[in-house]
Amino acid sequence: MEAQEAMISVNNVDKFYGTFQALTDVSLTVQQGERVVICGPSGSGKSTLIRCFNGLEFHSSGSIRIDGIEVEEDSKDLRRLRQEVGMVFQQFNLFPHLTILENLTIGPMKVQKIGKSEAEARARKYLERVHIPEQADKYPGQLSGGQQQRVAIARSLCMETRIMLFDEPTSALDPEMINEVLDVMVELADTGITMVCVTHEMGFARKVADTMVFMESGKIVEVSPPEKFFTNPESERCRMFLNQILEH
Amino acid sequence: MASAKRRTLKGFLNAAPVAIGLYIVVIFGIFWLAFNGAQAMGYNWQWYRMPQYFYRLTEDGFQWGEIVIGLMKTIQLSATAFFFATLLGLIVALLRLSGLVVGTAVAVAFLEFVRNMPILVLLYLFYYVLGPIFKLDRYTASILCLAVFHAALISEIFRAGINSVPKGQWEGATSIGMTKSQAYRYIVLPQSVKFMLPPMTGELVHLVKSSAIVSVIAVAELTTIGRNLISDTYMSFEIWFTIAVVYLILTLALSIGVTRIEKKFAVQN
Ligand SMILES: Nc1ncnc2c1ncn2[C@@H]1O[C@H](COP(=O)(O)OP(=O)(O)O)[C@@H](O)[C@H]1O
Ligand SMILES: [Mg+2]
């Protein structure tokens with residue numbers, strides 16, 4: 001049988017900020033439903049890479065295709081692309097002037113042009129999914145960090161995208177709130193959605209990852225299944241990095 | 001010791017009864033000086049003639065006086081000019097933030113032009129140059145002049161307000177597929193309102209005050225009315241005092257009104 005096109009295919013991508021090279025010759029393939037965890041030291045280009053997947057940044061050369069859509073600046077397909085790709089940020093980026101319910105319905109209503117009652121039904125469904133249906137009428141500022149991040153996940157789910165990107169979703173959280181967010185992410189991983197997570201939560205990675213990616217200095221150094229990645233990584237740099245973070 | 005003493009003196013002067021007493025003394029002092037000065041000039045006070053310029057009861061019934069009519073005109077002129085200034089200011093701010101070279105260049109040229117032009121010259125330009133070309137009457141020319149002058153300042157308020165919304169809000173909006181204009185409309189502008197309200201109030205008060213300039217082309221607003229009344233009655237002290245107080249009441253009412261709105265916003269957030 002002919003192989004289906006990959007969900008995400010990154011080929012020989014370079015990315016420059018001015019003269020600074022943030023990504024160097026990066027290639028990566030993610031299949032539909034695959035769960036990829038990216039780790040690596042701070043400044044290694046993890047955020048930059050996944051931000052290139054939904055057009056928050058644009059690569060300088062090489063090519064990125066997401067579900068068959070070529071990612072290009074000023075392309076007419078950008079809106080279509082962003083409706084395929086959801087993103088959860090380290091700092092949540094909820095809209096503080098809107099209630100939780102409005103945070104979840106504004107995308108479906110304004111971007112997908114669906115009706116208010118349908119959007120609200122959908123919002124409540126996903127609030128249920130992230131276990132905070134009772135917070136619908138509050139404002140983001142009234143919620144704890146862990147709750148806010150779960151709302152952010154629900155906001156992204158409301159767009160019913162096929163791909164979800166996570167950029168260190170638990171790094172800004174107090175330790176006691178990390179697990180409530182990770183639990184939601186584990187449940188999400190079981191739904192078959194394609195996930196790319198930048199995280200250093202190795203317990204989570206072991207549980208859900210199909211593929212581990214290690215980045216350093218703007219390059220992908222290692223791509224391997226978790227069994228191999230955690231026990232016998234190929235590169236010395238990766239081994240040292242893992243020792244460092246697993247000690248904590 | 002010395003500092004403790006100074007603190008008690010300051011505390012004494014700030015105590016409510018003392019402060020109010022001092023305030024009254026200062027205000028009365030100023031009035032006393034003005035009235036005495038006028039007296040010394042042999043000025044003939046005729047305050048009793050003033051009420052008729054607010055309202056009149058004739059055989060035709062109740063009639064508003066010139067000062068009230070002038071005040072209404074000032075309010076109408078200021079409100080219209082402020083509306084267009086805000087609209088134009090928003091456009092200039094968006095052009096400036098558009099990232100388009102042409103947009104930025106146009107916006108900056110506009111800002112520099114207006115910023116370096118005395119408002120009086122701008123008014124003459126609108127009335128004596130653009131007026132005949134575009135068939136503008138004096139009222140329209142006045143509105144355009146005030147709108148353009150204040151649009152420059154307002155665009156800076158918009159720009160600062162928009163820039164004070166964190167970058168993450170743009171990213172949040174973009175990540176759910178919003179276009180730039182949707183992100184502005186639903187996410188960024190509503191959040192920048194709270195940053196913009198205080199300076200916008202200041203700008204509105206500023207506009208009301210600078211609207212007096214249009215008296216030089218004889219638009220019948222408050223200041224023009226004042227001048228006309230004086231040339232009829234020679235009561236310059238009474239009339240200028242009155243006009244000043246009317247402006248003061250108008251601008252204070254605006255400030256207080258907006259402060260109320262701000263409080264409401266603060267509660268919401
Ligand atoms: N907007 C930007 N302008 C300039 N340099 C940037 C920008 N964003 C990121 N960088 C640089 O690119 C490198 C990679 O950043 P990032 O992708 O955020 O790393 P990571 O997410 O792995 O910590 C860093 O050296 C960072 O300083
Ligand atoms: Mg990062």
# chains A, B, ... in the order shown; residues from 1 in each chain; ligands from 1

call {"tool": "closest_atom_pairs", "arguments": {"of": "chain B", "to": "chain A", "cutoff": "10 Å", "atoms": "only C-alpha atoms", "output": "CSV"}}
result
residue,atom,partner,partner_atom,distance
B:Pro166,CA,A:Asn93,CA,9.0
B:Lys167,CA,A:Asn93,CA,9.0
B:Gly168,CA,A:Asn93,CA,5.3
B:Gln169,CA,A:Asn93,CA,5.6
B:Trp170,CA,A:Asn93,CA,8.6
B:Glu171,CA,A:Leu56,CA,7.0
B:Gly172,CA,A:Asn93,CA,5.4
B:Ala173,CA,A:Gly107,CA,8.2
B:Thr174,CA,A:Leu56,CA,7.5
B:Ser175,CA,A:Met87,CA,6.0
B:Ile176,CA,A:Gly107,CA,5.8
B:Gly177,CA,A:Arg82,CA,5.0
B:Met178,CA,A:Val111,CA,6.0
B:Thr179,CA,A:Arg79,CA,7.5
B:Gln182,CA,A:Lys110,CA,7.9
B:Tyr186,CA,A:Ile106,CA,8.4
B:Ile187,CA,A:Phe95,CA,6.9
B:Val188,CA,A:Phe95,CA,9.2
B:Pro190,CA,A:His97,CA,7.6
B:Gln191,CA,A:His97,CA,6.5
B:Gln268,CA,A:His97,CA,8.4
B:Asn269,CA,A:His97,CA,6.5

call {"tool": "residues_around", "arguments": {"residues": "Lys125 (chain A)", "least_positions_apart": "4", "cutoff": "12 Å", "atoms": "only C-alpha atoms", "output": "list in words"}}
result
Leu101, Leu104, Thr105, Glu118, Ala119, Glu120, Ala121, Arg129, Val130, His131, Ile132, Pro133, Glu134, Ala136, Val151, Ala154, Arg155, Leu157, Cys158 and Glu160 of chain A

call {"tool": "select_by_dssp", "arguments": {"residues": "region 17-204 of chain B", "states": "strand (DSSP E or B)", "output": "count of residues only"}}
result
8

call {"tool": "residues_around", "arguments": {"residues": "Phe58 (chain A)", "least_positions_apart": "4", "cutoff": "10 Å", "atoms": "only C-alpha atoms", "output": "list in words"}}
result
Asp14, Lys15, Phe16, Thr48, Leu49, Arg51, Cys52, Phe53, Asn54, Ile64, Val71, Glu72, Glu73 and Asp74 of chain A

call {"tool": "atom_distance", "arguments": {"atom1": "atom 16 (P, counted along the ligand's line) of ligand 1", "atom2": "CA of His200 (chain A)"}}
result
14.3 Å

call {"tool": "residues_around", "arguments": {"residues": "Glu238 (chain B)", "least_positions_apart": "5", "cutoff": "8 Å", "atoms": "only C-alpha atoms", "output": "mmCIF file with all heavy atoms, in the first residue's frame"}}
result
data_model
loop_
_atom_site.group_PDB
_atom_site.id
_atom_site.type_symbol
_atom_site.label_atom_id
_atom_site.label_comp_id
_atom_site.auth_asym_id
_atom_site.auth_seq_id
_atom_site.Cartn_x
_atom_site.Cartn_y
_atom_site.Cartn_z
ATOM 1 N N TRP B 45 -18.506 97.283 38.229
ATOM 2 C CA TRP B 45 -19.023 95.911 38.185
ATOM 3 C C TRP B 45 -20.500 95.894 37.859
ATOM 4 O O TRP B 45 -21.276 96.644 38.422
ATOM 5 C CB TRP B 45 -18.802 95.201 39.524
ATOM 6 C CG TRP B 45 -17.353 94.942 39.800
ATOM 7 C CD1 TRP B 45 -16.545 95.659 40.619
ATOM 8 C CD2 TRP B 45 -16.571 93.886 39.248
ATOM 9 N NE1 TRP B 45 -15.282 95.132 40.619
ATOM 10 C CE2 TRP B 45 -15.274 94.037 39.778
ATOM 11 C CE3 TRP B 45 -16.807 92.851 38.345
ATOM 12 C CZ2 TRP B 45 -14.227 93.189 39.455
ATOM 13 C CZ3 TRP B 45 -15.774 92.002 38.033
ATOM 14 C CH2 TRP B 45 -14.499 92.177 38.578
ATOM 15 N N GLN B 46 -20.900 95.028 36.942
ATOM 16 C CA GLN B 46 -22.336 94.961 36.602
ATOM 17 C C GLN B 46 -22.795 93.511 36.553
ATOM 18 O O GLN B 46 -23.380 93.073 35.568
ATOM 19 C CB GLN B 46 -22.586 95.626 35.242
ATOM 20 C CG GLN B 46 -22.105 97.046 35.167
ATOM 21 C CD GLN B 46 -22.325 97.626 33.782
ATOM 22 O OE1 GLN B 46 -23.462 97.736 33.319
ATOM 23 N NE2 GLN B 46 -21.259 97.995 33.116
ATOM 24 N N TRP B 47 -22.477 92.739 37.610
ATOM 25 C CA TRP B 47 -22.831 91.317 37.609
ATOM 26 C C TRP B 47 -24.319 91.100 37.373
ATOM 27 O O TRP B 47 -24.714 90.099 36.792
ATOM 28 C CB TRP B 47 -22.443 90.670 38.948
ATOM 29 C CG TRP B 47 -20.969 90.362 39.048
ATOM 30 C CD1 TRP B 47 -20.056 90.989 39.828
ATOM 31 C CD2 TRP B 47 -20.265 89.342 38.340
ATOM 32 N NE1 TRP B 47 -18.820 90.448 39.658
ATOM 33 C CE2 TRP B 47 -18.920 89.421 38.732
ATOM 34 C CE3 TRP B 47 -20.636 88.376 37.385
ATOM 35 C CZ2 TRP B 47 -17.935 88.578 38.245
ATOM 36 C CZ3 TRP B 47 -19.661 87.524 36.900
ATOM 37 C CH2 TRP B 47 -18.323 87.641 37.322
ATOM 38 N N MET B 50 -25.503 89.881 34.079
ATOM 39 C CA MET B 50 -25.035 88.616 33.512
ATOM 40 C C MET B 50 -26.118 87.547 33.281
ATOM 41 O O MET B 50 -26.094 86.860 32.247
ATOM 42 C CB MET B 50 -23.905 88.016 34.375
ATOM 43 C CG MET B 50 -22.580 88.720 34.232
ATOM 44 S SD MET B 50 -22.022 88.865 32.529
ATOM 45 C CE MET B 50 -21.724 87.152 32.120
#

call {"tool": "residues_near_ligand", "arguments": {"ligand": "ligand 2", "cutoff": "10 Å", "atoms": "only C-alpha atoms and all ligand atoms", "output": "ChimeraX atom specification"}}
result
/A:39-51,89-90,167-168,171,198-199

call {"tool": "write_last_selection", "arguments": {"atoms": "all heavy atoms", "output": "CSV table (one decimal), in the first residue's frame"}}
result
chain,number,residue,atom,x,y,z
A,39,CYS,N,12.9,17.5,23.6
A,39,CYS,CA,13.5,18.1,24.7
A,39,CYS,C,14.9,18.6,24.3
A,39,CYS,O,15.3,18.3,23.1
A,39,CYS,CB,13.6,17.1,25.9
A,39,CYS,SG,14.5,15.6,25.5
A,40,GLY,N,15.6,19.2,25.2
A,40,GLY,CA,16.9,19.8,24.9
A,40,GLY,C,17.1,21.0,25.7
A,40,GLY,O,16.1,21.6,26.3
A,41,PRO,N,18.4,21.4,25.8
A,41,PRO,CA,18.6,22.6,26.7
A,41,PRO,C,18.0,23.9,26.2
A,41,PRO,O,17.5,24.0,25.1
A,41,PRO,CB,20.2,22.7,26.6
A,41,PRO,CG,20.6,21.9,25.5
A,41,PRO,CD,19.6,20.9,25.2
A,42,SER,N,17.8,24.8,27.2
A,42,SER,CA,17.2,26.1,26.9
A,42,SER,C,18.0,26.8,25.7
A,42,SER,O,19.2,26.8,25.7
A,42,SER,CB,17.2,26.9,28.1
A,42,SER,OG,16.9,28.2,27.8
A,43,GLY,N,17.3,27.4,24.8
A,43,GLY,CA,17.9,28.1,23.7
A,43,GLY,C,18.3,27.2,22.6
A,43,GLY,O,18.9,27.6,21.6
A,44,SER,N,17.9,25.9,22.6
A,44,SER,CA,18.3,25.0,21.5
A,44,SER,C,17.4,25.1,20.3
A,44,SER,O,17.7,24.4,19.3
A,44,SER,CB,18.4,23.5,22.1
A,44,SER,OG,17.1,23.2,22.6
A,45,GLY,N,16.4,25.8,20.4
A,45,GLY,CA,15.5,26.0,19.2
A,45,GLY,C,14.2,25.3,19.2
A,45,GLY,O,13.5,25.2,18.2
A,46,LYS,N,13.9,24.7,20.3
A,46,LYS,CA,12.6,23.9,20.4
A,46,LYS,C,11.4,24.7,20.1
A,46,LYS,O,10.6,24.3,19.3
A,46,LYS,CB,12.5,23.2,21.8
A,46,LYS,CG,13.7,22.5,22.3
A,46,LYS,CD,13.6,21.9,23.6
A,46,LYS,CE,13.4,22.9,24.8
A,46,LYS,NZ,14.6,23.8,25.0
A,47,SER,N,11.3,25.9,20.8
A,47,SER,CA,10.1,26.7,20.6
A,47,SER,C,10.1,27.2,19.1
A,47,SER,O,9.1,27.2,18.5
A,47,SER,CB,10.2,27.9,21.5
A,47,SER,OG,10.1,27.5,22.8
A,48,THR,N,11.3,27.6,18.7
A,48,THR,CA,11.3,28.1,17.3
A,48,THR,C,10.8,27.1,16.3
A,48,THR,O,10.0,27.4,15.4
A,48,THR,CB,12.8,28.5,17.0
A,48,THR,OG1,13.3,29.4,17.9
A,48,THR,CG2,12.9,29.1,15.6
A,49,LEU,N,11.2,25.9,16.5
A,49,LEU,CA,10.8,24.8,15.6
A,49,LEU,C,9.3,24.6,15.6
A,49,LEU,O,8.7,24.7,14.5
A,49,LEU,CB,11.5,23.5,15.9
A,49,LEU,CG,11.1,22.3,15.1
A,49,LEU,CD1,11.5,22.5,13.6
A,49,LEU,CD2,11.7,21.0,15.6
A,50,ILE,N,8.7,24.5,16.8
A,50,ILE,CA,7.3,24.2,16.7
A,50,ILE,C,6.5,25.5,16.4
A,50,ILE,O,5.4,25.4,15.8
A,50,ILE,CB,6.7,23.5,18.0
A,50,ILE,CG1,6.8,24.5,19.2
A,50,ILE,CG2,7.4,22.2,18.3
A,50,ILE,CD1,6.0,23.9,20.4
A,51,ARG,N,7.0,26.7,16.6
A,51,ARG,CA,6.3,27.9,16.2
A,51,ARG,C,6.3,28.0,14.7
A,51,ARG,O,5.5,28.8,14.1
A,51,ARG,CB,6.9,29.1,16.9
A,51,ARG,CG,6.6,29.2,18.4
A,51,ARG,CD,7.6,30.0,19.2
A,51,ARG,NE,7.5,31.4,18.7
A,51,ARG,CZ,6.6,32.3,19.3
A,51,ARG,NH1,5.8,31.9,20.2
A,51,ARG,NH2,6.6,33.5,18.8
A,89,PHE,N,0.6,27.3,25.1
A,89,PHE,CA,1.8,28.1,25.4
A,89,PHE,C,2.2,27.9,26.9
A,89,PHE,O,1.4,27.6,27.8
A,89,PHE,CB,1.6,29.6,25.2
A,89,PHE,CG,1.2,29.9,23.8
A,89,PHE,CD1,-0.1,29.9,23.4
A,89,PHE,CD2,2.1,30.2,22.8
A,89,PHE,CE1,-0.5,30.2,22.1
A,89,PHE,CE2,1.8,30.5,21.5
A,89,PHE,CZ,0.4,30.5,21.2
A,90,GLN,N,3.5,28.2,27.1
A,90,GLN,CA,4.0,28.2,28.5
A,90,GLN,C,3.3,29.2,29.4
A,90,GLN,O,2.9,28.9,30.5
A,90,GLN,CB,5.5,28.5,28.4
A,90,GLN,CG,6.2,28.4,29.8
A,90,GLN,CD,7.7,28.7,29.6
A,90,GLN,OE1,8.2,28.7,28.5
A,90,GLN,NE2,8.4,28.8,30.7
A,167,ASP,N,4.1,24.0,24.0
A,167,ASP,CA,5.5,24.6,24.3
A,167,ASP,C,5.7,24.7,25.8
A,167,ASP,O,5.3,25.7,26.4
A,167,ASP,CB,5.6,25.9,23.6
A,167,ASP,CG,7.0,26.4,23.5
A,167,ASP,OD1,7.9,25.7,24.1
A,167,ASP,OD2,7.3,27.4,22.9
A,168,GLU,N,6.3,23.7,26.4
A,168,GLU,CA,6.6,23.7,27.8
A,168,GLU,C,5.4,24.1,28.6
A,168,GLU,O,5.4,25.1,29.4
A,168,GLU,CB,7.8,24.6,28.1
A,168,GLU,CG,9.0,24.3,27.3
A,168,GLU,CD,10.3,24.7,28.0
A,168,GLU,OE1,10.4,24.7,29.2
A,168,GLU,OE2,11.3,25.0,27.3
A,171,SER,N,6.0,24.5,32.5
A,171,SER,CA,7.2,25.1,33.0
A,171,SER,C,6.8,26.4,33.9
A,171,SER,O,7.6,26.8,34.7
A,171,SER,CB,8.1,25.6,31.9
A,171,SER,OG,8.5,24.5,31.2
A,198,VAL,N,6.9,20.1,23.5
A,198,VAL,CA,8.2,20.4,24.1
A,198,VAL,C,8.0,20.3,25.6
A,198,VAL,O,7.2,21.1,26.1
A,198,VAL,CB,8.6,21.8,23.7
A,198,VAL,CG1,9.9,22.2,24.4
A,198,VAL,CG2,8.7,21.9,22.1
A,199,THR,N,8.8,19.5,26.2
A,199,THR,CA,8.6,19.4,27.7
A,199,THR,C,9.8,18.7,28.2
A,199,THR,O,10.5,17.9,27.6
A,199,THR,CB,7.3,18.6,28.1
A,199,THR,OG1,7.3,18.6,29.5
A,199,THR,CG2,7.3,17.2,27.6

call {"tool": "residues_around", "arguments": {"residues": "Gly62 (chain A)", "least_positions_apart": "3", "cutoff": "8 Å", "atoms": "only C-alpha atoms", "output": "list of chain:residue names"}}
result
A:Val10, A:Asn11, A:Asn12, A:Val13, A:Asp14, A:Asp25, A:His59

call {"tool": "atom_distance", "arguments": {"atom1": "CA of Ala152 (chain B)", "atom2": "CA of Ile75 (chain B)"}}
result
20.9 Å

call {"tool": "atom_distance", "arguments": {"atom1": "CA of Ala205 (chain A)", "atom2": "CA of Gln31 (chain A)"}}
result
17.3 Å

call {"tool": "residues_around", "arguments": {"residues": "region 154-161 of chain B", "least_positions_apart": "6", "cutoff": "9 Å", "atoms": "only C-alpha atoms", "output": "list in words"}}
result
Ala85, Thr86, Leu88, Gly89, Leu90, Ile91, Val92, Ala93, Leu94, Arg96, Leu97, Leu111, Leu189, Gln191, Ser192, Val193, Lys194, Phe195, Met196, Pro199, Met200 and Glu203 of chain B

call {"tool": "residues_around", "arguments": {"residues": "region 115-123 of chain B", "least_positions_apart": "3", "cutoff": "10 Å", "atoms": "only C-alpha atoms", "output": "PyMOL selection string"}}
result
chain B and resi 109-112+126-130+138+141-146+148-150+152-153+210+213-214+216-217

call {"tool": "write_last_selection", "arguments": {"atoms": "N, CA and C atoms", "output": "tab-separated table (two decimals), in the first residue's frame"}}
result
chain	number	residue	atom	x	y	z
B	109	ALA	N	5.08	60.93	8.54
B	109	ALA	CA	5.02	62.24	7.89
B	109	ALA	C	3.87	63.06	8.47
B	110	PHE	N	2.73	62.42	8.62
B	110	PHE	CA	1.56	63.10	9.20
B	110	PHE	C	1.87	63.61	10.61
B	111	LEU	N	2.45	62.72	11.42
B	111	LEU	CA	2.75	63.08	12.81
B	111	LEU	C	3.72	64.25	12.88
B	112	GLU	N	4.78	64.18	12.07
B	112	GLU	CA	5.78	65.24	12.11
B	112	GLU	C	5.19	66.56	11.64
B	126	PHE	N	-6.58	75.29	6.86
B	126	PHE	CA	-7.87	74.67	6.56
B	126	PHE	C	-8.89	75.68	6.07
B	127	TYR	N	-8.90	76.87	6.69
B	127	TYR	CA	-9.96	77.81	6.37
B	127	TYR	C	-9.65	78.64	5.12
B	128	TYR	N	-8.41	79.13	5.02
B	128	TYR	CA	-8.10	80.03	3.90
B	128	TYR	C	-7.56	79.33	2.68
B	129	VAL	N	-6.96	78.12	2.87
B	129	VAL	CA	-6.38	77.42	1.71
B	129	VAL	C	-7.29	76.28	1.26
B	130	LEU	N	-7.52	75.32	2.17
B	130	LEU	CA	-8.36	74.19	1.79
B	130	LEU	C	-9.83	74.60	1.69
B	138	ARG	N	-16.82	77.62	7.63
B	138	ARG	CA	-15.90	77.82	8.76
B	138	ARG	C	-16.07	76.74	9.82
B	141	ALA	N	-14.32	73.58	8.53
B	141	ALA	CA	-12.88	73.78	8.58
B	141	ALA	C	-12.37	73.66	10.01
B	142	SER	N	-13.15	74.20	10.94
B	142	SER	CA	-12.76	74.13	12.36
B	142	SER	C	-12.71	72.69	12.84
B	143	ILE	N	-13.75	71.93	12.51
B	143	ILE	CA	-13.80	70.53	12.94
B	143	ILE	C	-12.61	69.77	12.37
B	144	LEU	N	-12.34	69.97	11.07
B	144	LEU	CA	-11.23	69.25	10.44
B	144	LEU	C	-9.91	69.63	11.09
B	145	CYS	N	-9.73	70.91	11.33
B	145	CYS	CA	-8.47	71.37	11.93
B	145	CYS	C	-8.28	70.72	13.30
B	146	LEU	N	-9.30	70.79	14.13
B	146	LEU	CA	-9.19	70.21	15.48
B	146	LEU	C	-8.99	68.69	15.40
B	148	VAL	N	-7.66	66.88	12.96
B	148	VAL	CA	-6.32	66.53	12.47
B	148	VAL	C	-5.27	66.79	13.56
B	149	PHE	N	-5.39	67.95	14.21
B	149	PHE	CA	-4.41	68.29	15.24
B	149	PHE	C	-4.41	67.24	16.34
B	150	HIS	N	-5.59	66.88	16.81
B	150	HIS	CA	-5.66	65.95	17.93
B	150	HIS	C	-5.48	64.50	17.51
B	152	ALA	N	-3.16	63.40	15.77
B	152	ALA	CA	-1.74	63.09	15.93
B	152	ALA	C	-1.45	62.62	17.35
B	153	LEU	N	-1.99	63.36	18.31
B	153	LEU	CA	-1.75	63.00	19.72
B	153	LEU	C	-2.47	61.70	20.07
B	210	SER	N	-8.64	73.68	23.32
B	210	SER	CA	-8.07	74.26	22.10
B	210	SER	C	-9.15	74.63	21.10
B	213	ILE	N	-9.67	78.22	19.90
B	213	ILE	CA	-8.89	78.84	18.83
B	213	ILE	C	-9.75	79.21	17.63
B	214	VAL	N	-10.84	78.47	17.40
B	214	VAL	CA	-11.63	78.73	16.20
B	214	VAL	C	-12.38	80.06	16.29
B	216	VAL	N	-10.97	82.69	16.20
B	216	VAL	CA	-10.29	83.61	15.27
B	216	VAL	C	-10.90	83.59	13.88
B	217	ILE	N	-11.65	82.52	13.54
B	217	ILE	CA	-12.36	82.60	12.27
B	217	ILE	C	-13.87	82.73	12.52

call {"tool": "decode", "arguments": {"residues": "region 169-209 of chain B", "atoms": "C-alpha atoms", "output": "short mmCIF file (atom, residue, chain, number, x, y, z; two decimals), in the first residue's frame"}}
result
data_model
loop_
_atom_site.label_atom_id
_atom_site.label_comp_id
_atom_site.auth_asym_id
_atom_site.auth_seq_id
_atom_site.Cartn_x
_atom_site.Cartn_y
_atom_site.Cartn_z
CA GLN B 169 -2.17 37.88 23.37
CA TRP B 170 -1.35 38.17 19.67
CA GLU B 171 0.05 34.66 19.71
CA GLY B 172 -3.01 33.32 21.49
CA ALA B 173 -5.27 34.98 18.94
CA THR B 174 -3.16 33.85 15.98
CA SER B 175 -2.96 30.30 17.26
CA ILE B 176 -6.74 29.96 17.15
CA GLY B 177 -6.73 31.16 13.55
CA MET B 178 -7.71 34.80 13.95
CA THR B 179 -6.66 37.23 11.27
CA LYS B 180 -4.79 40.33 12.26
CA SER B 181 -7.91 42.45 12.13
CA GLN B 182 -9.89 39.96 14.21
CA ALA B 183 -7.07 39.89 16.75
CA TYR B 184 -7.17 43.70 16.93
CA ARG B 185 -10.93 43.85 17.19
CA TYR B 186 -11.68 41.08 19.66
CA ILE B 187 -8.50 40.72 21.65
CA VAL B 188 -6.09 43.63 21.52
CA LEU B 189 -8.19 46.80 21.29
CA PRO B 190 -10.63 45.79 24.06
CA GLN B 191 -7.67 45.18 26.34
CA SER B 192 -5.93 48.42 25.46
CA VAL B 193 -9.00 50.50 26.37
CA LYS B 194 -8.08 50.49 30.03
CA PHE B 195 -4.61 51.81 29.21
CA MET B 196 -6.05 54.45 26.91
CA LEU B 197 -8.92 55.88 28.93
CA PRO B 198 -6.92 58.20 31.20
CA PRO B 199 -4.81 59.80 28.45
CA MET B 200 -7.85 59.99 26.15
CA THR B 201 -9.72 61.96 28.80
CA GLY B 202 -6.79 64.30 29.01
CA GLU B 203 -6.91 64.65 25.25
CA LEU B 204 -10.65 65.37 25.21
CA VAL B 205 -10.19 68.11 27.82
CA HIS B 206 -7.28 69.43 25.77
CA LEU B 207 -9.49 69.47 22.67
CA VAL B 208 -12.29 71.36 24.43
CA LYS B 209 -9.75 73.96 25.47
#
